[in-house]
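Below is one structure, written out as structure tokens, with a few remarks after it.
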Amino acid sequence: MITKPFAWVLLALCAFEAGAATPAPNCVTITDGWVRLLPGAMPMTAGYAQLRNDCSADVVVVAAGSRAFAEVSLHETTVVQGISRMREVARLPVAAGTAVTLRPGGLHLMLMQPEVALKEGAQVPLRLSLEDGRKVDGMLQVRRDAPARP
């Protein structure tokens with residue numbers, strides 16, 4: 001038989017655990033997202049966006065995905081001794097209160113094997129996975145040319 005004080009303590013602990021497991025509202029956002037439309041039926045393209053962290057703590061992006069592509073990964077282009085090199089990025093830290101820009105010639109998304117035909121103006125979904133288990137959703141607009149910078 002459970003005593004009343006024990007039952008209240010048990011209920012309080014369950015309520016506390018349920019509240020602790022609920023993630024805070026997502027303070028990481030994806031804005032200004034776009035995908036470069038390449039001529040012909042290319043098996044890969046690149047995606048760009050701004051990742052903004054308005055959380056009170058740093059976050060780390062550990063994976064990316066999209067229903068519109070078989071494979072999505074983070075990459076970085078660097079120039080070493082005049083030679084352009086690209087490498088996969090396994091972890092992308094974004095400090096609290098800052099933004100990271102994915103742009104041509106730098107950090108970007110490699111979007112492999114489109115699952116749908118890409119058409120200029122279309123929107124494709126993007127999902128980023130954070131190290132703490134949260135997911136961040138955004139959209140990328142298909143474009144022939146990079147958007148004009150302000």
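Identifiers in the structure tokens: chain A, B, ... in order shown; residue index from 1 per chain; ligand index from 1 in order shown.
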Those of chain A in DSSP helix (DSSP H, G or I), formatted as a VMD selection string:
chain A and resid 4 to 21
>> Residues near Leu38 of chain A, anyone? I mean within 9 Å using only C-alpha atoms, not counting same-chain ones fewer than 6 positions away, as a list in words.
In response: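 Residues near the query, excluding close chain neighbours: Met44, Thr45, Arg143 and Arg144 of chain A.
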Can those selected residues be exported to a file as a PDB file, in the first residue's frame so that it contains C-alpha atoms?
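File written: out19.pdb
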ATOM      1  CA  MET A  44      24.782  16.973 -56.648  1.00  0.00           C
ATOM      2  CA  THR A  45      24.468  20.644 -55.861  1.00  0.00           C
ATOM      3  CA  ARG A 143      17.892  29.586 -57.491  1.00  0.00           C
ATOM      4  CA  ARG A 144      20.057  29.840 -60.610  1.00  0.00           C
TER       5      ARG A 144
END
Near Ser129 of chain A, within 12 Å and counting only C-alpha atoms, which residues show up once chain neighbours fewer than 6 positions away are dropped, as a CSV table (one decimal) with N, CA and C atoms, in the first residue's frame?
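Result file is selection.csv:
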chain,number,residue,atom,x,y,z
A,28,VAL,N,17.4,28.2,-32.3
A,28,VAL,CA,18.3,28.1,-33.5
A,28,VAL,C,17.4,28.2,-34.8
A,29,THR,N,17.8,29.1,-35.7
A,29,THR,CA,17.0,29.3,-36.9
A,29,THR,C,17.8,29.2,-38.1
A,59,VAL,N,25.6,25.8,-29.4
A,59,VAL,CA,25.1,24.6,-30.0
A,59,VAL,C,26.1,24.1,-31.0
A,60,VAL,N,25.9,22.8,-31.3
A,60,VAL,CA,26.8,22.2,-32.3
A,60,VAL,C,25.9,21.4,-33.3
A,61,VAL,N,26.0,21.7,-34.6
A,61,VAL,CA,25.3,21.0,-35.7
A,61,VAL,C,26.1,19.8,-36.0
A,62,VAL,N,25.5,18.6,-35.9
A,62,VAL,CA,26.2,17.3,-36.1
A,62,VAL,C,25.7,16.6,-37.4
A,63,ALA,N,24.6,17.0,-38.0
A,63,ALA,CA,24.1,16.3,-39.1
A,63,ALA,C,23.1,17.2,-39.9
A,64,ALA,N,22.9,16.9,-41.1
A,64,ALA,CA,21.9,17.6,-42.0
A,64,ALA,C,21.2,16.6,-42.8
A,65,GLY,N,20.0,16.9,-43.2
A,65,GLY,CA,19.2,16.0,-44.1
A,65,GLY,C,18.1,16.8,-44.7
A,66,SER,N,17.5,16.1,-45.8
A,66,SER,CA,16.4,16.7,-46.5
A,66,SER,C,15.6,15.6,-47.2
A,72,VAL,N,22.8,14.5,-47.5
A,72,VAL,CA,23.1,15.9,-47.2
A,72,VAL,C,24.2,15.9,-46.2
A,73,SER,N,25.3,16.7,-46.4
A,73,SER,CA,26.4,16.8,-45.5
A,73,SER,C,26.9,18.2,-45.5
A,74,LEU,N,27.6,18.6,-44.4
A,74,LEU,CA,28.2,19.9,-44.3
A,74,LEU,C,29.6,19.7,-44.8
A,90,ALA,N,32.3,17.4,-39.6
A,90,ALA,CA,31.5,16.5,-38.8
A,90,ALA,C,30.8,17.3,-37.7
A,91,ARG,N,31.3,18.4,-37.2
A,91,ARG,CA,30.7,19.2,-36.1
A,91,ARG,C,30.9,20.7,-36.5
A,92,LEU,N,29.7,21.4,-36.4
A,92,LEU,CA,29.8,22.8,-36.7
A,92,LEU,C,29.2,23.6,-35.5
A,93,PRO,N,30.2,24.1,-34.6
A,93,PRO,CA,29.8,24.8,-33.4
A,93,PRO,C,29.2,26.2,-33.9
A,135,LYS,N,16.2,19.2,-33.2
A,135,LYS,CA,16.1,19.3,-34.7
A,135,LYS,C,15.7,20.7,-35.1
A,136,VAL,N,16.3,21.2,-36.1
A,136,VAL,CA,16.0,22.6,-36.6
A,136,VAL,C,15.6,22.5,-38.1
A,137,ASP,N,14.4,22.9,-38.4
A,137,ASP,CA,13.9,22.8,-39.7
A,137,ASP,C,13.9,24.2,-40.4
A,138,GLY,N,14.2,24.1,-41.7
A,138,GLY,CA,14.2,25.4,-42.5
A,138,GLY,C,13.9,25.0,-44.0
Review point. From the set A:Ala70, A:Cys27, A:Val80, A:Ala148, which residue has the shortest atom-to-atom contact distance to Cys55 of chain A, counting only C-alpha atoms?
Key: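 With only C-alpha atoms as the atom set, the closest residue is A:Cys27.
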Residues within 12 Å of Asp145 of chain A, only C-alpha atoms, excluding chain neighbours under 4 positions, as a list of chain:residue names
A:Trp34, A:Val35, A:Arg36, A:Leu37, A:Leu38, A:Pro39, A:Ala46, A:Gly47, A:Tyr48, A:Pro104, A:Glu120, A:Gly121, A:Gln141, A:Arg149
Using backbone DSSP assignments, extract all strand (DSSP E or B) residues from chain A; output them as a ChimeraX atom specification.
/A:28-36,44-53,59-65,69-80,83-88,92-94,98-102,107-114,123-130,135-143
(request) Would you work out the distance separating atom CA of Thr31 of chain A from atom CA of Val79 of chain A, expressed in Å to one decimal? (result)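 According to the coordinates, atom CA of Thr31 of chain A and atom CA of Val79 of chain A are separated by 26.6 Å.
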Looking at only C-alpha atoms, which of A:Ala96, A:Asp58, A:Leu51, A:His75 is the one that sits closest to Met110 of chain A?
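Looking only at the distances to Met110 of chain A, the closest residue turns out to be A:His75.
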Residue with the minimum atom-to-atom distance to Glu76 of chain A, picked from A:Val94, A:Leu107, A:Asn53, A:Arg127 with only C-alpha atoms counted, is A:Leu107
Between A:Met112, A:Val124, A:Leu140, A:Gly106, smallest distance to Ser84 of chain A by only C-alpha atoms belongs to A:Gly106
